[in-house]
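Here is model_27.csv, consisting of CSV, N, CA and C atoms:
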chain,number,residue,atom,x,y,z
A,71,MET,N,138.3,7.1,165.0
A,71,MET,CA,138.5,5.6,164.8
A,71,MET,C,137.7,5.2,163.6
A,72,LYS,N,136.4,5.6,163.6
A,72,LYS,CA,135.6,5.2,162.4
A,72,LYS,C,136.1,5.7,161.1
A,73,ARG,N,136.7,7.0,161.1
A,73,ARG,CA,137.3,7.5,159.9
A,73,ARG,C,138.4,6.6,159.4
A,74,ALA,N,139.2,6.2,160.3
A,74,ALA,CA,140.4,5.3,160.0
A,74,ALA,C,139.9,4.0,159.4
A,75,TRP,N,138.8,3.5,160.0
A,75,TRP,CA,138.2,2.2,159.6
A,75,TRP,C,137.7,2.4,158.2
A,76,TRP,N,136.9,3.4,157.9
A,76,TRP,CA,136.3,3.7,156.6
A,76,TRP,C,137.4,3.9,155.6
A,77,ALA,N,138.5,4.6,156.0
A,77,ALA,CA,139.6,4.8,155.1
A,77,ALA,C,140.3,3.5,154.7
A,78,LEU,N,140.4,2.6,155.7
A,78,LEU,CA,141.0,1.3,155.4
A,78,LEU,C,140.2,0.5,154.5
A,79,CYS,N,138.8,0.5,154.7
A,79,CYS,CA,137.9,-0.2,153.8
A,79,CYS,C,138.0,0.3,152.4
A,80,ALA,N,138.0,1.7,152.3
A,80,ALA,CA,138.1,2.3,150.9
A,80,ALA,C,139.4,1.9,150.3
A,81,ALA,N,140.5,2.0,151.0
A,81,ALA,CA,141.8,1.6,150.4
A,81,ALA,C,141.8,0.2,150.0
A,82,PHE,N,141.2,-0.7,150.8
A,82,PHE,CA,141.2,-2.1,150.4
A,82,PHE,C,140.4,-2.3,149.1
A,83,LEU,N,139.2,-1.7,149.0
A,83,LEU,CA,138.4,-1.8,147.8
A,83,LEU,C,139.1,-1.2,146.6
A,84,LEU,N,139.8,-0.1,146.7
A,84,LEU,CA,140.5,0.5,145.6
A,84,LEU,C,141.7,-0.3,145.2
A,85,THR,N,142.4,-0.9,146.1
A,85,THR,CA,143.5,-1.8,145.8
A,85,THR,C,143.0,-3.0,145.1
A,86,TRP,N,141.9,-3.6,145.6
A,86,TRP,CA,141.3,-4.8,145.0
A,86,TRP,C,140.9,-4.5,143.5
A,87,CYS,N,140.3,-3.4,143.3
A,87,CYS,CA,139.9,-3.1,141.9
A,87,CYS,C,141.1,-2.7,141.0
A,88,ALA,N,142.1,-2.1,141.6
A,88,ALA,CA,143.3,-1.7,140.8
A,88,ALA,C,144.1,-2.9,140.5
A,89,ALA,N,143.9,-4.0,141.1
A,89,ALA,CA,144.7,-5.2,140.9
A,89,ALA,C,144.3,-5.9,139.6
A,90,GLY,N,143.4,-5.3,138.9
A,90,GLY,CA,142.9,-5.9,137.6
A,90,GLY,C,141.7,-6.8,137.7
A,91,CYS,N,141.0,-6.6,138.8
A,91,CYS,CA,139.7,-7.4,139.0
A,91,CYS,C,138.6,-6.7,138.1
A,92,ASP,N,138.1,-7.5,137.1
A,92,ASP,CA,137.1,-7.0,136.3
A,92,ASP,C,135.8,-6.9,137.0
A,93,LYS,N,135.4,-7.9,137.8
A,93,LYS,CA,134.2,-7.9,138.6
A,93,LYS,C,134.5,-8.3,140.0
A,94,THR,N,134.2,-7.5,140.9
A,94,THR,CA,134.5,-7.8,142.3
A,94,THR,C,133.5,-8.9,142.8
A,95,ASP,N,134.1,-10.0,143.3
A,95,ASP,CA,133.4,-11.1,143.8
A,95,ASP,C,132.9,-10.8,145.2
A,96,PRO,N,131.6,-10.7,145.5
A,96,PRO,CA,131.2,-10.3,146.8
A,96,PRO,C,131.6,-11.3,147.9
A,97,ALA,N,131.8,-12.6,147.5
A,97,ALA,CA,132.2,-13.6,148.5
A,97,ALA,C,133.7,-13.3,148.9
A,98,GLN,N,134.5,-12.9,148.0
A,98,GLN,CA,135.9,-12.5,148.3
A,98,GLN,C,136.0,-11.3,149.2
A,99,VAL,N,135.1,-10.3,148.8
A,99,VAL,CA,135.1,-9.0,149.6
A,99,VAL,C,134.7,-9.3,151.0
A,100,ALA,N,133.6,-10.1,151.2
A,100,ALA,CA,133.1,-10.5,152.6
A,100,ALA,C,134.2,-11.3,153.3
A,101,ALA,N,134.9,-12.2,152.6
A,101,ALA,CA,135.9,-13.0,153.3
A,101,ALA,C,137.1,-12.1,153.7
A,102,HIS,N,137.6,-11.2,152.9
A,102,HIS,CA,138.7,-10.4,153.2
A,102,HIS,C,138.3,-9.4,154.3
A,103,THR,N,137.1,-9.0,154.3
A,103,THR,CA,136.6,-8.1,155.4
A,103,THR,C,136.6,-8.8,156.7
A,104,ALA,N,136.1,-10.0,156.7
A,104,ALA,CA,136.0,-10.8,158.0
A,104,ALA,C,137.5,-11.0,158.5
A,105,LYS,N,138.4,-11.4,157.6
A,105,LYS,CA,139.8,-11.6,158.0
A,105,LYS,C,140.3,-10.3,158.6
A,106,CYS,N,140.0,-9.2,158.0
A,106,CYS,CA,140.5,-7.9,158.4
A,106,CYS,C,140.0,-7.6,159.9
A,107,TYR,N,138.8,-7.9,160.2
A,107,TYR,CA,138.3,-7.7,161.5
A,107,TYR,C,139.1,-8.6,162.5
A,108,TYR,N,139.3,-9.8,162.2
A,108,TYR,CA,140.1,-10.7,163.1
A,108,TYR,C,141.5,-10.3,163.1
A,109,ASP,N,142.1,-9.7,162.1
A,109,ASP,CA,143.4,-9.2,162.1
A,109,ASP,C,143.5,-8.1,163.1
A,110,TYR,N,142.4,-7.2,163.2
A,110,TYR,CA,142.4,-6.2,164.2
A,110,TYR,C,142.5,-6.8,165.6
A,111,LEU,N,141.7,-7.9,165.8
A,111,LEU,CA,141.8,-8.6,167.1
A,111,LEU,C,143.2,-9.0,167.4
A,112,LEU,N,143.8,-9.6,166.5
A,112,LEU,CA,145.2,-10.1,166.7
A,112,LEU,C,146.2,-8.9,167.0
A,113,GLU,N,145.9,-7.8,166.4
A,113,GLU,CA,146.8,-6.6,166.7
A,113,GLU,C,146.4,-5.9,168.0
A,114,GLY,N,145.4,-6.3,168.7
A,114,GLY,CA,145.0,-5.6,169.9
A,114,GLY,C,144.1,-4.4,169.6
A,115,LYS,N,143.6,-4.3,168.4
A,115,LYS,CA,142.7,-3.1,168.1
A,115,LYS,C,141.3,-3.5,168.3
A,116,TYR,N,140.9,-3.6,169.6
A,116,TYR,CA,139.6,-4.1,170.0
A,116,TYR,C,138.5,-3.2,169.5
A,117,GLY,N,138.7,-1.9,169.6
A,117,GLY,CA,137.7,-1.0,169.1
A,117,GLY,C,137.4,-1.2,167.6
A,118,ASP,N,138.4,-1.4,166.8
A,118,ASP,CA,138.2,-1.6,165.4
A,118,ASP,C,137.5,-2.9,165.2
A,119,PHE,N,137.8,-4.0,166.0
A,119,PHE,CA,137.1,-5.2,165.9
A,119,PHE,C,135.6,-5.1,166.2
A,120,VAL,N,135.3,-4.4,167.3
A,120,VAL,CA,133.9,-4.2,167.7
A,120,VAL,C,133.2,-3.3,166.7
A,121,ALA,N,133.9,-2.4,166.0
A,121,ALA,CA,133.2,-1.6,165.0
A,121,ALA,C,132.7,-2.4,163.8
A,122,GLY,N,133.3,-3.6,163.6
A,122,GLY,CA,132.9,-4.5,162.6
A,122,GLY,C,131.7,-5.4,162.9
A,123,ILE,N,131.1,-5.2,164.1
A,123,ILE,CA,130.0,-6.0,164.5
A,123,ILE,C,128.7,-5.3,164.1
A,124,HIS,N,127.8,-6.0,163.4
A,124,HIS,CA,126.5,-5.4,163.0
A,124,HIS,C,125.6,-5.2,164.2
A,125,HIS,N,125.0,-4.1,164.3
A,125,HIS,CA,124.0,-3.8,165.4
A,125,HIS,C,123.0,-2.8,164.8
A,126,ASP,N,121.8,-2.8,165.4
A,126,ASP,CA,120.8,-1.9,165.0
A,126,ASP,C,121.1,-0.5,165.7
A,127,GLY,N,121.1,0.5,165.0
A,127,GLY,CA,121.3,1.8,165.6
A,127,GLY,C,122.7,2.1,166.0
A,128,GLU,N,122.8,3.1,166.8
A,128,GLU,CA,124.1,3.5,167.4
A,128,GLU,C,124.4,2.7,168.7
A,129,MET,N,125.7,2.2,168.8
A,129,MET,CA,126.1,1.5,170.0
A,129,MET,C,126.5,2.5,171.0
A,130,SER,N,125.9,2.3,172.2
A,130,SER,CA,126.2,3.3,173.3
A,130,SER,C,127.7,3.1,173.7
A,131,GLY,N,128.2,4.1,174.3
A,131,GLY,CA,129.6,4.1,174.8
A,131,GLY,C,129.9,3.0,175.8
A,132,ALA,N,129.0,2.8,176.7
A,132,ALA,CA,129.1,1.8,177.8
A,132,ALA,C,129.1,0.4,177.2
A,133,TYR,N,128.2,0.2,176.2
A,133,TYR,CA,128.1,-1.1,175.6
A,133,TYR,C,129.3,-1.4,174.7
A,134,ARG,N,129.8,-0.4,174.0
A,134,ARG,CA,131.0,-0.5,173.2
A,134,ARG,C,132.2,-0.9,174.1
A,135,ALA,N,132.3,-0.2,175.2
A,135,ALA,CA,133.4,-0.5,176.1
A,135,ALA,C,133.3,-1.9,176.7
A,136,GLN,N,132.1,-2.4,176.9
A,136,GLN,CA,132.0,-3.7,177.4
A,136,GLN,C,132.3,-4.7,176.3
A,137,MET,N,132.0,-4.5,175.1
A,137,MET,CA,132.3,-5.4,174.0
A,137,MET,C,133.8,-5.4,173.7
A,138,GLU,N,134.5,-4.2,173.9
A,138,GLU,CA,135.9,-4.2,173.7
A,138,GLU,C,136.6,-5.0,174.8
A,139,ALA,N,136.1,-4.8,176.1
A,139,ALA,CA,136.7,-5.6,177.2
A,139,ALA,C,136.5,-7.1,177.0
A,140,ASN,N,135.3,-7.5,176.4
A,140,ASN,CA,135.1,-8.9,176.1
A,140,ASN,C,136.1,-9.4,175.1
A,141,ALA,N,136.3,-8.6,174.1
A,141,ALA,CA,137.3,-9.1,173.1
A,141,ALA,C,138.7,-9.2,173.6
A,142,LYS,N,139.1,-8.3,174.5
A,142,LYS,CA,140.4,-8.4,175.2
A,142,LYS,C,140.5,-9.6,176.1
A,143,MET,N,139.4,-9.9,176.8
A,143,MET,CA,139.4,-11.1,177.7
A,143,MET,C,139.4,-12.4,176.9
A,144,PHE,N,138.7,-12.4,175.7
A,144,PHE,CA,138.7,-13.5,174.8
A,144,PHE,C,140.1,-13.8,174.4
A,145,MET,N,140.9,-12.8,174.0
A,145,MET,CA,142.3,-13.0,173.5
A,145,MET,C,143.1,-13.5,174.7
A,146,ALA,N,142.9,-13.0,175.9
A,146,ALA,CA,143.7,-13.4,177.0
A,146,ALA,C,143.4,-14.9,177.3
A,147,GLN,N,142.1,-15.3,177.2
A,147,GLN,CA,141.7,-16.7,177.4
A,147,GLN,C,142.4,-17.6,176.4
A,148,LEU,N,142.4,-17.2,175.2
A,148,LEU,CA,143.0,-18.0,174.1
A,148,LEU,C,144.5,-18.2,174.4
A,149,LYS,N,145.1,-17.2,175.0
A,149,LYS,CA,146.6,-17.4,175.4
A,149,LYS,C,146.7,-18.5,176.4
A,150,THR,N,145.8,-18.6,177.3
A,150,THR,CA,145.8,-19.6,178.4
A,150,THR,C,145.5,-21.0,177.8
A,151,TRP,N,144.5,-21.0,176.9
A,151,TRP,CA,144.0,-22.3,176.4
A,151,TRP,C,144.9,-22.9,175.3
A,152,ARG,N,145.3,-22.0,174.4
A,152,ARG,CA,146.0,-22.6,173.2
A,152,ARG,C,147.3,-21.8,172.9
A,153,SER,N,147.9,-21.2,173.8
A,153,SER,CA,149.1,-20.3,173.6
A,153,SER,C,148.9,-19.2,172.7
A,154,GLY,N,147.6,-18.7,172.6
A,154,GLY,CA,147.3,-17.5,171.8
A,154,GLY,C,146.9,-17.8,170.4
A,155,LEU,N,146.2,-16.8,169.8
A,155,LEU,CA,145.9,-16.9,168.4
A,155,LEU,C,147.0,-16.2,167.7
A,156,VAL,N,147.6,-16.9,166.7
A,156,VAL,CA,148.8,-16.3,166.0
A,156,VAL,C,148.6,-15.9,164.6
A,157,ALA,N,147.5,-16.5,163.9
A,157,ALA,CA,147.2,-16.1,162.6
A,157,ALA,C,145.8,-16.5,162.2
A,158,VAL,N,145.3,-15.8,161.2
A,158,VAL,CA,144.0,-16.0,160.7
A,158,VAL,C,144.1,-16.1,159.2
A,159,ASP,N,143.5,-17.1,158.6
A,159,ASP,CA,143.5,-17.3,157.1
A,159,ASP,C,142.1,-17.5,156.6
A,160,ILE,N,141.8,-17.2,155.4
A,160,ILE,CA,140.5,-17.4,154.8
A,160,ILE,C,140.5,-18.8,154.2
A,161,ASP,N,139.4,-19.6,154.6
A,161,ASP,CA,139.2,-20.9,154.0
A,161,ASP,C,138.3,-20.8,152.8
A,162,SER,N,137.1,-20.3,153.0
A,162,SER,CA,136.1,-20.2,151.9
A,162,SER,C,135.0,-19.2,152.3
A,163,ALA,N,134.2,-18.9,151.3
A,163,ALA,CA,133.1,-18.0,151.6
A,163,ALA,C,132.0,-18.2,150.5
A,164,ALA,N,130.8,-18.0,150.9
A,164,ALA,CA,129.6,-18.1,150.1
A,164,ALA,C,128.7,-17.0,150.4
A,165,VAL,N,128.1,-16.4,149.3
A,165,VAL,CA,127.2,-15.2,149.5
A,165,VAL,C,125.8,-15.6,149.0
A,166,ASP,N,124.8,-15.1,149.8
A,166,ASP,CA,123.4,-15.2,149.4
A,166,ASP,C,123.1,-13.7,149.0
A,167,SER,N,123.1,-13.4,147.7
A,167,SER,CA,122.9,-12.1,147.2
A,167,SER,C,121.5,-11.5,147.5
A,168,GLU,N,120.5,-12.4,147.5
A,168,GLU,CA,119.2,-11.9,147.8
A,168,GLU,C,119.0,-11.5,149.3
A,169,GLU,N,119.6,-12.2,150.2
A,169,GLU,CA,119.5,-11.9,151.6
A,169,GLU,C,120.6,-10.9,152.0
A,170,LYS,N,121.6,-10.6,151.2
A,170,LYS,CA,122.7,-9.8,151.5
A,170,LYS,C,123.5,-10.3,152.7
A,171,CYS,N,123.8,-11.6,152.7
A,171,CYS,CA,124.5,-12.1,153.8
A,171,CYS,C,125.6,-13.1,153.2
A,172,ALA,N,126.5,-13.5,154.0
A,172,ALA,CA,127.6,-14.4,153.6
A,172,ALA,C,128.0,-15.3,154.8
A,173,ASP,N,128.4,-16.5,154.4
A,173,ASP,CA,129.1,-17.3,155.4
A,173,ASP,C,130.5,-17.4,155.0
A,174,VAL,N,131.4,-16.9,155.9
A,174,VAL,CA,132.8,-16.9,155.7
A,174,VAL,C,133.4,-17.9,156.7
A,175,TYR,N,134.3,-18.8,156.1
A,175,TYR,CA,135.0,-19.7,157.0
A,175,TYR,C,136.4,-19.3,157.1
A,176,LEU,N,136.9,-19.0,158.3
A,176,LEU,CA,138.2,-18.7,158.6
A,176,LEU,C,139.0,-19.8,159.3
A,177,VAL,N,140.3,-19.9,159.1
A,177,VAL,CA,141.1,-20.8,159.9
A,177,VAL,C,141.9,-20.1,160.9
A,178,PHE,N,141.7,-20.4,162.2
A,178,PHE,CA,142.5,-19.8,163.2
A,178,PHE,C,143.7,-20.7,163.5
A,179,HIS,N,144.9,-20.1,163.6
A,179,HIS,CA,146.1,-20.8,163.9
A,179,HIS,C,146.5,-20.4,165.3
A,180,TYR,N,146.7,-21.4,166.1
A,180,TYR,CA,147.0,-21.1,167.5
A,180,TYR,C,148.5,-21.4,167.8
A,181,GLY,N,149.0,-20.8,168.9
A,181,GLY,CA,150.4,-20.9,169.3
A,181,GLY,C,150.8,-22.3,169.6
A,182,ASP,N,149.9,-23.2,170.0
A,182,ASP,CA,150.2,-24.6,170.3
A,182,ASP,C,150.2,-25.5,169.0
A,183,SER,N,150.2,-24.8,167.8
A,183,SER,CA,150.2,-25.5,166.5
A,183,SER,C,148.9,-26.1,166.1
A,184,THR,N,147.8,-25.9,166.8
A,184,THR,CA,146.5,-26.4,166.4
A,184,THR,C,145.8,-25.4,165.5
A,185,GLN,N,144.9,-25.9,164.8
A,185,GLN,CA,144.1,-25.0,163.9
A,185,GLN,C,142.6,-25.3,164.1
A,186,GLU,N,141.8,-24.3,163.9
A,186,GLU,CA,140.4,-24.4,164.0
A,186,GLU,C,139.7,-23.7,162.9
A,187,ARG,N,138.7,-24.3,162.3
A,187,ARG,CA,137.9,-23.7,161.2
A,187,ARG,C,136.7,-23.1,161.8
A,188,LEU,N,136.4,-21.8,161.6
A,188,LEU,CA,135.3,-21.1,162.2
A,188,LEU,C,134.4,-20.5,161.2
A,189,LEU,N,133.1,-20.5,161.4
A,189,LEU,CA,132.2,-19.8,160.6
A,189,LEU,C,132.0,-18.4,161.1
A,190,VAL,N,132.1,-17.4,160.2
A,190,VAL,CA,131.8,-16.0,160.6
A,190,VAL,C,130.7,-15.6,159.7
A,191,PRO,N,129.5,-15.5,160.3
A,191,PRO,CA,128.3,-15.0,159.5
A,191,PRO,C,128.5,-13.5,159.3
A,192,MET,N,128.3,-13.0,158.0
A,192,MET,CA,128.4,-11.6,157.7
A,192,MET,C,127.1,-11.1,157.1
A,193,VAL,N,126.9,-9.8,157.2
A,193,VAL,CA,125.7,-9.2,156.6
A,193,VAL,C,126.2,-7.9,155.9
A,194,GLU,N,125.6,-7.7,154.8
A,194,GLU,CA,125.9,-6.4,154.1
A,194,GLU,C,125.0,-5.4,154.5
A,195,ASP,N,125.5,-4.2,154.9
A,195,ASP,CA,124.7,-3.1,155.4
A,195,ASP,C,125.2,-1.9,154.7
A,196,ASP,N,124.4,-1.3,153.8
A,196,ASP,CA,124.7,-0.2,153.0
A,196,ASP,C,126.1,-0.3,152.3
A,197,GLY,N,126.3,-1.5,151.7
A,197,GLY,CA,127.5,-1.8,151.0
A,197,GLY,C,128.7,-2.2,151.8
A,198,LEU,N,128.5,-2.2,153.1
A,198,LEU,CA,129.6,-2.6,154.0
A,198,LEU,C,129.4,-3.9,154.6
A,199,TRP,N,130.4,-4.8,154.6
A,199,TRP,CA,130.2,-6.1,155.2
A,199,TRP,C,130.5,-6.1,156.7
A,200,LEU,N,129.6,-6.5,157.5
A,200,LEU,CA,129.8,-6.5,159.0
A,200,LEU,C,129.5,-7.9,159.5
A,201,MET,N,130.2,-8.2,160.7
A,201,MET,CA,130.0,-9.5,161.3
A,201,MET,C,128.6,-9.5,162.0
A,202,ARG,N,127.9,-10.6,161.8
A,202,ARG,CA,126.6,-10.7,162.4
A,202,ARG,C,126.7,-11.3,163.9
Entire entry expressed as structure tokens:
Amino acid sequence: MKRAWWALCAAFLLTWCAAGCDKTDPAQVAAHTAKCYYDYLLEGKYGDFVAGIHHDGEMSGAYRAQMEANAKMFMAQLKTWRSGLVAVDIDSAAVDSEEKCADVYLVFHYGDSTQERLLVPMVEDDGLWLMR
């Protein structure tokens, strides 16, 4: 699963650079990475979503399973409350390069036609953007 995730991130970065981008904007990279994590949630790829959460050290198998179960329950609850999460879009992002962190604002679109703007704090860890 981690190999597939790393391959996806590498493919994303290569595509980004191949599209004619002279200088990669860290805010855009953080924003697209945050959106990617929530797209995993939409697709039911809870393990990939949890892999995008920053944590110190290695996450134990039991804790990972609990986090994946929480993500699944969250999506089920959204289905009850707002007819489900149907799409995620990027609103804006700002990076603090000294602290290696970013504030990414995403817009959640729900099945009942409501929208919500959410802050997703991100942290850069060894060149990889993770949710804080």
**Request:** Excluding Met192 in chain A and any residue of its chain fewer than 3 positions from it, enumerate the residues within 8 Å of it, using only C-alpha atoms, and give them as number ranges by chain.
**Result:** A: 100, 104, 171-174, 199-202
Box in all listed atoms of range 142-154 of chain A, axis-aligned, with 8 Å more on each side; write out centre and edge lengths in Å to one decimal as AutoDock Vina command-line options.
--center_x 143.9 --center_y -15.6 --center_z 174.4 --size_x 26.4 --size_y 30.6 --size_z 24.0
**Asked** Would you give me, as an NGL selection string, the residues in range 72-201 of chain A that DSSP reads as alpha helix (DSSP H)?
**Response** :A and (72-88 or 96-112 or 116-121 or 131-152)
**Request:** Using DSSP on the backbone, list every residue of range 86-175 of chain A that comes out as strand (DSSP E), and give them as number ranges by chain.
**Result:** A: 155-166, 171-175
Within 8 Å of range 133-150 of chain A, which residues of range 155-191 of chain A show up? Give each one with its shortest atom-to-atom distance in Å (one decimal) and the two atoms involved, counting all atoms listed in the file, rows by chain then rising residue number, as CSV.
residue,atom,partner,partner_atom,distance
A:Leu155,N,A:Leu148,C,5.1
A:Tyr180,CA,A:Leu148,C,7.9
A:Gly181,N,A:Leu148,C,7.6
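Note that the spacing between CA of Leu188 in chain A and CA of Val120 in chain A amounts to 17.8 Å.
The smallest atom-to-atom distance between Ala157 in chain A and any of A:Met129, A:Leu112, A:Ala121, A:Val190, using all atoms listed in the file, is found for A:Leu112.
In this comparison, which uses only C-alpha atoms, the residue of A:Ser167, A:Thr184, A:Ser130, A:Ser162 approaching Gln98 in chain A most closely is A:Ser162.
Candidate residues A:Tyr107, A:Phe119, A:Val193, A:His179 were compared for distance to Val156 in chain A, and the nearest is A:His179, using all atoms listed in the file.
Take the candidates A:Ile160, A:Ala97, A:Ile123, A:Leu111 and check each one against Val177 in chain A using all atoms listed in the file; the shortest distance goes to A:Ile160.
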**Item:** Computed interatomic separation between atom N of Asp159 in chain A and atom C of Gly197 in chain A (Å)
**Value:** 22.1 Å
**Asked** How many Å separate CA of Gly154 in chain A from CA of His102 in chain A?
**Response** 21.7 Å
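The residue that comes closest to Asp196 in chain A, out of A:Lys93, A:Lys105, A:His124, A:Lys115 and on the basis of only C-alpha atoms, is A:His124.
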